[in-house]
Structure formats: structure tokens, C-alpha cells
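Engineer: Handing over final18.tsv, TSV, C-alpha atoms.
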```
chain	number	residue	atom	x	y	z
Y	1	MET	CA	155.84	148.13	127.31
Y	2	SER	CA	158.16	148.96	124.44
Y	3	GLN	CA	159.86	146.17	122.52
Y	4	VAL	CA	162.95	145.00	124.40
Y	5	GLY	CA	163.96	141.91	122.45
Y	6	ILE	CA	162.36	139.10	124.46
Y	7	THR	CA	162.63	135.95	122.33
Y	8	ASN	CA	160.55	132.78	122.19
Y	9	GLN	CA	163.37	131.00	124.00
Y	10	ASP	CA	163.22	133.63	126.75
Y	11	VAL	CA	159.49	133.00	127.13
Y	12	GLN	CA	160.03	129.23	127.35
Y	13	GLN	CA	162.69	129.70	130.04
Y	14	MET	CA	160.43	132.09	131.95
Y	15	VAL	CA	157.56	129.61	131.87
Y	16	ALA	CA	159.89	126.90	133.20
Y	17	ILE	CA	160.92	129.17	136.08
Y	18	THR	CA	157.28	129.46	137.20
Y	19	SER	CA	157.17	125.72	137.95
Y	20	ASP	CA	157.69	124.15	141.37
Y	21	TYR	CA	161.27	123.46	142.44
Y	22	THR	CA	162.44	120.80	144.85
Y	23	HIS	CA	163.83	122.39	147.99
Y	24	ASP	CA	165.54	119.75	150.08
Y	25	ASP	CA	168.25	121.94	151.66
Y	26	PRO	CA	166.80	124.31	154.30
Y	27	SER	CA	170.15	126.13	154.55
Y	28	GLN	CA	169.52	127.54	151.06
Y	29	THR	CA	167.17	130.51	150.97
Y	30	LEU	CA	166.02	129.57	147.46
Y	31	PRO	CA	166.49	126.29	145.56
Y	32	GLU	CA	169.82	126.14	143.75
Y	33	GLU	CA	168.04	124.90	140.62
Y	34	LEU	CA	165.99	128.11	140.52
Y	35	LEU	CA	169.13	130.26	140.83
Y	36	HIS	CA	170.75	128.22	138.05
Y	37	ASP	CA	167.80	128.83	135.73
Y	38	LEU	CA	167.86	132.56	136.51
Y	39	TRP	CA	171.63	132.67	135.96
Y	40	GLN	CA	171.08	131.21	132.50
Y	41	LEU	CA	168.19	133.56	131.68
Y	42	ILE	CA	169.94	136.72	132.92
Y	43	PRO	CA	173.62	136.26	131.92
Y	44	CYS	CA	175.77	137.38	134.83
Y	45	ASP	CA	178.79	136.49	136.93
Y	46	MET	CA	176.83	135.88	140.14
Y	47	VAL	CA	173.28	135.71	141.47
Y	48	SER	CA	173.13	136.78	145.10
Y	49	VAL	CA	170.21	136.32	147.51
Y	50	SER	CA	170.43	138.64	150.50
Y	51	GLY	CA	167.89	139.10	153.27
Y	52	GLN	CA	168.12	142.50	154.95
Y	53	ASP	CA	166.25	143.93	157.94
Y	54	THR	CA	167.34	147.55	157.66
Y	55	PRO	CA	165.80	148.95	160.89
Y	56	ARG	CA	167.76	146.39	162.93
Y	57	TRP	CA	170.69	146.39	160.50
Y	58	SER	CA	170.65	142.61	160.45
Y	59	PHE	CA	170.86	140.05	157.64
Y	60	PHE	CA	168.71	136.92	157.65
Y	61	ALA	CA	169.70	135.34	154.31
Y	62	ASP	CA	172.92	135.09	152.33
Y	63	GLN	CA	173.29	132.80	149.30
Y	64	ASN	CA	175.35	133.16	146.14
Y	65	TYR	CA	175.31	131.22	142.88
Y	66	THR	CA	178.12	131.46	140.34
Y	67	GLY	CA	177.06	129.01	137.67
Y	68	SER	CA	177.95	125.51	138.81
Y	69	THR	CA	176.29	122.86	140.95
Y	70	GLY	CA	177.17	123.32	144.59
Y	71	SER	CA	178.32	126.90	144.08
Y	72	THR	CA	175.71	128.35	146.43
Y	73	GLY	CA	176.72	129.24	149.93
Y	74	SER	CA	176.99	131.86	152.60
Y	75	THR	CA	179.60	134.55	152.17
Y	76	GLY	CA	179.11	136.89	155.09
Y	77	SER	CA	176.35	139.20	156.29
Y	78	THR	CA	176.44	141.51	153.28
Y	79	GLY	CA	177.47	139.05	150.61
Y	80	SER	CA	181.19	139.76	151.00
Y	81	THR	CA	183.85	137.23	150.12
Y	82	GLY	CA	187.44	136.55	151.04
Y	83	SER	CA	189.19	136.55	154.42
Y	84	THR	CA	187.52	137.53	157.67
Y	85	GLY	CA	189.39	140.85	157.68
Y	86	GLN	CA	188.31	141.63	154.14
Y	87	GLY	CA	184.74	140.65	154.97
Y	88	GLU	CA	184.64	143.02	157.94
Y	89	ALA	CA	186.08	145.87	155.87
Y	90	LEU	CA	183.51	145.30	153.15
Y	91	ALA	CA	180.68	145.15	155.69
Y	92	ASP	CA	181.84	148.50	157.12
Y	93	ALA	CA	181.94	150.00	153.61
Y	94	TYR	CA	178.44	148.71	152.89
Y	95	ARG	CA	177.00	150.33	156.00
Y	96	GLN	CA	178.92	153.56	155.45
Y	97	HIS	CA	177.70	154.11	151.89
Y	98	TYR	CA	174.31	152.41	152.04
Y	99	TRP	CA	171.99	155.43	152.27
Y	100	ASP	CA	173.76	157.28	149.47
Y	101	ALA	CA	173.80	154.21	147.21
Y	102	SER	CA	171.25	152.84	144.78
Y	103	CYS	CA	170.76	149.68	146.87
Y	104	SER	CA	168.87	151.74	149.48
Y	105	TYR	CA	166.29	152.89	146.91
Y	106	ALA	CA	163.55	150.51	148.12
Y	107	ASP	CA	164.08	151.49	151.76
Y	108	ARG	CA	164.17	155.21	150.97
Y	109	THR	CA	161.09	155.25	148.74
Y	110	GLY	CA	159.04	152.19	149.68
Y	111	ASP	CA	159.03	151.30	145.98
Y	112	LEU	CA	159.74	147.58	145.94
Y	113	PRO	CA	158.29	146.64	142.51
Y	114	THR	CA	160.67	148.80	140.45
Y	115	ILE	CA	163.51	146.79	138.92
Y	116	ALA	CA	166.32	148.85	137.45
Y	117	ARG	CA	170.04	148.91	136.95
Y	118	SER	CA	172.10	150.62	139.62
Y	119	ALA	CA	173.22	153.11	136.98
Y	120	ASP	CA	169.59	154.11	136.38
Y	121	LEU	CA	168.83	154.57	140.06
Y	122	VAL	CA	171.99	156.59	140.60
Y	123	ALA	CA	171.11	158.92	137.77
Y	124	GLU	CA	167.48	159.37	138.85
Y	125	ASN	CA	167.33	158.96	142.62
Y	126	SER	CA	170.74	159.16	144.31
Y	127	PRO	CA	171.87	162.77	144.64
Y	128	HIS	CA	175.29	161.81	145.94
Y	129	GLY	CA	175.96	159.13	143.35
Y	130	ASP	CA	177.09	155.56	143.84
Y	131	SER	CA	180.83	156.15	143.70
Y	132	GLY	CA	181.55	155.28	147.35
Y	133	MET	CA	179.70	151.96	147.27
Y	134	LEU	CA	181.13	151.09	143.88
Y	135	THR	CA	184.71	151.98	144.82
Y	136	ASP	CA	184.83	150.63	148.37
Y	137	TYR	CA	182.46	147.67	148.20
Y	138	PHE	CA	181.71	146.32	144.73
Y	139	ARG	CA	185.00	146.81	142.90
Y	140	PRO	CA	187.06	144.98	145.56
Y	141	LEU	CA	184.79	142.01	144.78
Y	142	GLY	CA	185.43	142.39	141.04
Y	143	LEU	CA	181.88	143.66	140.42
Y	144	GLU	CA	180.89	146.65	138.31
Y	145	HIS	CA	177.19	146.33	137.37
Y	146	ASP	CA	174.12	145.04	139.17
Y	147	ILE	CA	170.37	144.79	138.89
Y	148	MET	CA	168.13	144.05	141.88
Y	149	VAL	CA	164.77	142.37	142.49
Y	150	CYS	CA	163.43	143.45	145.90
Y	151	LEU	CA	160.79	141.26	147.57
Y	152	PRO	CA	158.83	141.97	150.79
Y	153	ALA	CA	159.75	139.72	153.70
Y	154	GLY	CA	157.13	140.31	156.35
Y	155	ALA	CA	157.87	143.73	157.83
Y	156	PRO	CA	158.60	147.32	156.70
Y	157	GLN	CA	162.16	147.61	155.33
Y	158	ARG	CA	162.65	143.86	155.72
Y	159	THR	CA	163.32	142.58	152.22
Y	160	LEU	CA	164.75	139.68	150.31
Y	161	ARG	CA	167.02	141.02	147.58
Y	162	MET	CA	167.96	139.04	144.48
Y	163	LEU	CA	170.95	140.74	142.90
Y	164	PHE	CA	172.48	139.92	139.54
Y	165	PHE	CA	176.11	141.01	139.27
Y	166	ARG	CA	178.52	141.54	136.38
Y	167	GLY	CA	182.12	142.57	136.31
Y	168	PRO	CA	183.60	145.17	133.93
Y	169	GLY	CA	181.93	145.22	130.52
Y	170	ALA	CA	178.37	145.58	129.31
Y	171	ASP	CA	175.67	146.65	131.77
Y	172	PHE	CA	172.35	144.83	132.07
Y	173	SER	CA	169.86	145.53	129.29
Y	174	ASP	CA	166.24	146.71	129.09
Y	175	ARG	CA	165.40	143.12	128.16
Y	176	ASP	CA	166.82	141.94	131.50
Y	177	ILE	CA	164.66	144.47	133.36
Y	178	ALA	CA	161.54	143.38	131.45
Y	179	VAL	CA	162.17	139.68	132.09
Y	180	LEU	CA	162.70	140.18	135.84
Y	181	THR	CA	159.66	142.45	136.09
Y	182	LEU	CA	157.50	139.71	134.60
Y	183	LEU	CA	159.05	137.05	136.83
Y	184	ARG	CA	158.93	139.03	140.08
Y	185	PRO	CA	155.54	137.66	141.30
Y	186	HIS	CA	156.75	134.12	140.69
Y	187	LEU	CA	160.01	134.77	142.55
Y	188	GLN	CA	157.96	136.08	145.48
Y	189	ALA	CA	155.87	132.91	145.39
Y	190	ALA	CA	159.03	130.77	145.28
Y	191	TYR	CA	160.37	132.53	148.37
Y	192	ILE	CA	157.09	132.06	150.26
Y	193	THR	CA	157.04	128.37	149.32
Y	194	ALA	CA	160.64	127.95	150.48
Y	195	GLU	CA	159.86	129.66	153.80
Y	196	ARG	CA	156.85	127.44	154.38
Y	197	HIS	CA	158.96	124.37	153.61
Y	198	ARG	CA	161.72	125.59	155.95
Y	199	ASN	CA	159.22	126.10	158.76
Y	200	GLY	CA	157.82	122.60	158.42
Y	201	LEU	CA	154.74	123.61	156.44
Y	202	VAL	CA	153.83	121.62	153.34
Y	203	PRO	CA	153.88	123.74	150.17
Y	204	LEU	CA	150.90	123.43	147.82
Y	205	THR	CA	150.63	124.72	144.28
Y	206	PRO	CA	148.29	127.66	143.57
Y	207	ARG	CA	145.83	125.29	141.84
Y	208	GLN	CA	145.84	122.89	144.80
Y	209	ARG	CA	145.16	125.76	147.20
Y	210	GLU	CA	142.34	126.96	144.94
Y	211	ILE	CA	140.73	123.51	144.91
Y	212	LEU	CA	141.00	123.17	148.70
Y	213	GLN	CA	139.30	126.54	149.11
Y	214	CYS	CA	136.45	125.21	146.98
Y	215	VAL	CA	136.32	122.01	149.06
Y	216	GLU	CA	136.17	124.11	152.21
Y	217	ALA	CA	133.23	126.03	150.70
Y	218	GLY	CA	131.37	122.72	150.34
Y	219	TYR	CA	131.70	122.20	146.58
Y	220	THR	CA	131.61	118.71	145.10
Y	221	ASN	CA	134.26	117.64	142.59
Y	222	ARG	CA	131.77	118.25	139.78
Y	223	GLN	CA	131.01	121.76	141.01
Y	224	ILE	CA	134.74	122.52	141.40
Y	225	ALA	CA	135.35	121.31	137.85
Y	226	ARG	CA	132.69	123.66	136.53
Y	227	GLN	CA	134.02	126.53	138.63
Y	228	LEU	CA	137.60	126.09	137.39
Y	229	PHE	CA	136.76	125.00	133.82
Y	230	VAL	CA	138.56	121.67	134.14
Y	231	SER	CA	137.42	118.06	134.04
Y	232	GLU	CA	136.10	116.26	137.09
Y	233	GLY	CA	138.92	113.76	136.69
Y	234	THR	CA	141.48	116.56	136.85
Y	235	VAL	CA	139.98	117.78	140.13
Y	236	GLY	CA	140.14	114.25	141.53
Y	237	LYS	CA	143.81	113.90	140.53
Y	238	HIS	CA	144.66	117.24	142.17
Y	239	LEU	CA	142.97	116.09	145.37
Y	240	GLU	CA	144.90	112.80	145.31
Y	241	ASN	CA	148.14	114.81	145.12
Y	242	VAL	CA	146.95	117.08	147.94
Y	243	PHE	CA	146.16	114.10	150.17
Y	244	GLU	CA	149.63	112.70	149.51
Y	245	ARG	CA	151.39	115.98	150.20
Y	246	LEU	CA	149.45	116.66	153.39
Y	247	ASP	CA	149.59	113.01	154.51
Y	248	VAL	CA	145.82	112.76	154.97
Y	249	SER	CA	143.17	110.42	153.56
Y	250	ASN	CA	140.03	112.55	153.17
Y	251	ARG	CA	138.72	115.99	152.24
Y	252	THR	CA	137.86	117.07	155.80
Y	253	ALA	CA	141.35	116.29	157.10
Y	254	ALA	CA	142.93	118.01	154.08
Y	255	VAL	CA	140.99	121.23	154.70
Y	256	ALA	CA	141.78	121.14	158.43
Y	257	LYS	CA	145.52	120.72	157.82
Y	258	PHE	CA	145.48	123.34	155.07
Y	259	ARG	CA	143.85	125.88	157.41
Y	260	ALA	CA	146.21	125.02	160.27
Y	261	GLN	CA	149.22	126.05	158.22
Y	262	ALA	CA	147.63	129.00	156.39
```
Represent the structure from my file as C-alpha cells, please.
Structural biologist:
Amino acid sequence: MSQVGITNQDVQQMVAITSDYTHDDPSQTLPEELLHDLWQLIPCDMVSVSGQDTPRWSFFADQNYTGSTGSTGSTGSTGSTGSTGQGEALADAYRQHYWDASCSYADRTGDLPTIARSADLVAENSPHGDSGMLTDYFRPLGLEHDIMVCLPAGAPQRTLRMLFFRGPGADFSDRDIAVLTLLRPHLQAAYITAERHRNGLVPLTPRQREILQCVEAGYTNRQIARQLFVSEGTVGKHLENVFERLDVSNRTAAVAKFRAQA
């Protein structure tokens, strides 16, 4: 990857974003704290989380964050704002221009990992350009530039889209693309954790899951410590936390509950 100006502060913020977030509000697709940290890392006017099932033309998630506590919320099936009439007009414009617009790139190509600015996708992949979507949908919302992270959501053409929007002015940079490319696996993990929490399943950290898999294989704490290159005390502490999270008191019950929700 060519140099794109990622600073030490960027790296520190990215590492922080890979940590666990508290998710106490099931109405929010992703924790507001996570969206806040992303909003600070990728300067923008709004972070939007939109769940789209294209074959059924239905929307299963809709959350926006604009930079202040409590600013997340639903704004209509396609992320529109304003009055009901305006929302319906914007939804019609979205459907009308979707297949000629850059936002359909993942559905048209099956390429979910690529993260690029709309301007890049228009230039490279949209023969008809993005003018209709930009003119009829984005500009009425005061938006001019966007960059999208597309995450699989359990079925073909069913995706969770994290969109970063800016109004008139500078477009997103190569640095922004690089940062989001590196963070994409962690954002996918955050979505999976949130879904498990929403469905009444207890989220475990990757390390806790790894240790439980070793327990299930019959390893002792000492053997797990050797396998994972950590101390035996660290393994014991992880298991204590697992027991607390799963509300169990022994290894057998922990493995059984872990498997039941896998």
C-alpha cells in the first residue's frame, strides 16, 4: 500500500475502535460510541448505517450519527430526512437511480471488500454516471460526497452499509480509504456482536471464544496457556470473565452454553 498519511494518532484511534463497546440500546444497529469514534477518525458531516436487502427491496437498519450524544436515530427506509412527503420523494429517487449509481456497486459486482469514494466508482464502474442520484437524492439532503463500507448480512445482496457523508467541499482522501479498509474486519465483528446481543445471545471476545474452544477440546488451563503463549493465570482470569458473562459456574456449563448460541 502506498503512503497515504496515516499518523500515530490515527493508529491509536484505530486500535481503540477494535475494542468492545457497550451496546445497551437494541434499537441502535451499532453502538453510538462506536459511531462517535468513527466520526472523529473520518471527519464527516454524518455517519449513516443502512441495512439493505436488495432482492426484496427492503431496509432492515437505519441509524444516523451527526456528532453529538443522542444524535443517532431512524430517518426513514433509505436514510432520508425531513417531512413524510420529502421522505417518500427521496425514497422514490433512490429506487429510480439506484442501479445507475455508485451505491449499487457491491450488488452489481459482488465486490463487498472494496472501499472507495463515490467519485471513484462513478468514474470506473458506472457507465451512466451518478448525476441522477446526486441531484435528486443526495443534494436535497445537503450531501455532496460519500464513502461506503459494505458488510455482508447473511444473504446474497443483503448488506449493512456504513456511509460517511460530507457536504460541499473536499472529498474523502486516500487516507480515509486506507483507514476504513484496515478497520473493515473489526466493523464486521462489531455488527455480529451487536446482532448476537440483540437476539439475546451473550457476546464473547475473540480471545474468550478461542479459550472456550480449547476447553471444549479437553485442554487444561496449563495446556491452553502454552497453546496461546500466555500465562496460566491469564487463562484463569479469562475463564472467570466467561463464567460471569454466560452466567455459569463451571467449564462444562460454559462450553454447553457457548455451543448452544454458536
Engineer: Give me, as a PyMOL selection string, all polymer residues having an atom no more than 10 Å from Y:His186, counting only C-alpha atoms and skipping those fewer than 2 positions away in the same chain.
Structural biologist: chain Y and resi 14-15+17-19+180-184+188-192
Engineer: In Å, with one decimal, what is the gap from atom CA of Y:Pro152 to atom CA of Y:Ala116?
Structural biologist: 16.8 Å
Engineer: In Å to one decimal, how far is atom CA of Y:Gln9 from atom CA of Y:Ile177?
Structural biologist: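 Rounded to one decimal, the two atoms are 16.5 Å apart.
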Engineer: For stretch 154-167 of chain Y, please output as a PyMOL selection string all residues within 8 Å (counting all atoms listed in the file; exclusion window: fewer than 4 positions along the same chain).
Structural biologist: chain Y and resi 42+44-55+61+106-107+110+142-150+171
Engineer: So which one's closest to Y:Ile211, Y:Arg251, Y:Pro185, Y:Ala178, Y:Gln13? Using only C-alpha atoms, please.
Structural biologist: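 Checking each of Y:Arg251, Y:Pro185, Y:Ala178, Y:Gln13 against Y:Ile211, counting only C-alpha atoms, the winner is Y:Arg251.
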Engineer: For atom CA of Y:Arg175 and atom CA of Y:Glu33, determine how far apart the two atoms are, in Å to one decimal place.
Structural biologist: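 Atom CA of Y:Glu33 lies at a distance of 22.2 Å from atom CA of Y:Arg175.
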Engineer: My list of candidates is Y:Tyr137, Y:Phe229, Y:Tyr21, Y:Tyr94. Which is closest to Y:Thr205 when distances are computed with all atoms listed in the file?
Structural biologist: Y:Tyr21
Engineer: Ranking Y:Val202, Y:Leu187, Y:Ala260, Y:Val248 by minimum distance to Y:Leu151 and counting only C-alpha atoms, which one comes first?
Structural biologist: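 Once distances to Y:Leu151 are computed over only C-alpha atoms, the minimum belongs to Y:Leu187.
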Engineer: Using all atoms listed in the file, pick whichever of Y:Asp120, Y:Thr252, Y:Lys237, Y:Glu195 has the shortest atom-to-atom distance to Y:Gly218.
Structural biologist: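 Among the listed residues, Y:Thr252 lies closest to Y:Gly218.
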Engineer: Between Y:Thr220, Y:Glu32, Y:Ala153, Y:Asp174, which one has atoms that come closest to Y:Glu232, using all atoms listed in the file?
Structural biologist: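 Closest residue, counting all atoms listed in the file: Y:Thr220.
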Engineer: I'd like to know which of Y:Gln28, Y:Asp176, Y:Ser104, Y:Gly200 is closest to Y:Thr7, using only C-alpha atoms.
Structural biologist: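 Closest candidate: Y:Asp176.
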Engineer: Take the point (134.9, 122.5, 151.9) as written in the file and pick out every residue within 12 Å of it, counting only C-alpha atoms; give the list as JSON, numbers by chain.
Structural biologist: {"Y": [209, 210, 211, 212, 213, 214, 215, 216, 217, 218, 219, 220, 221, 223, 224, 250, 251, 252, 253, 254, 255, 256, 258, 259]}
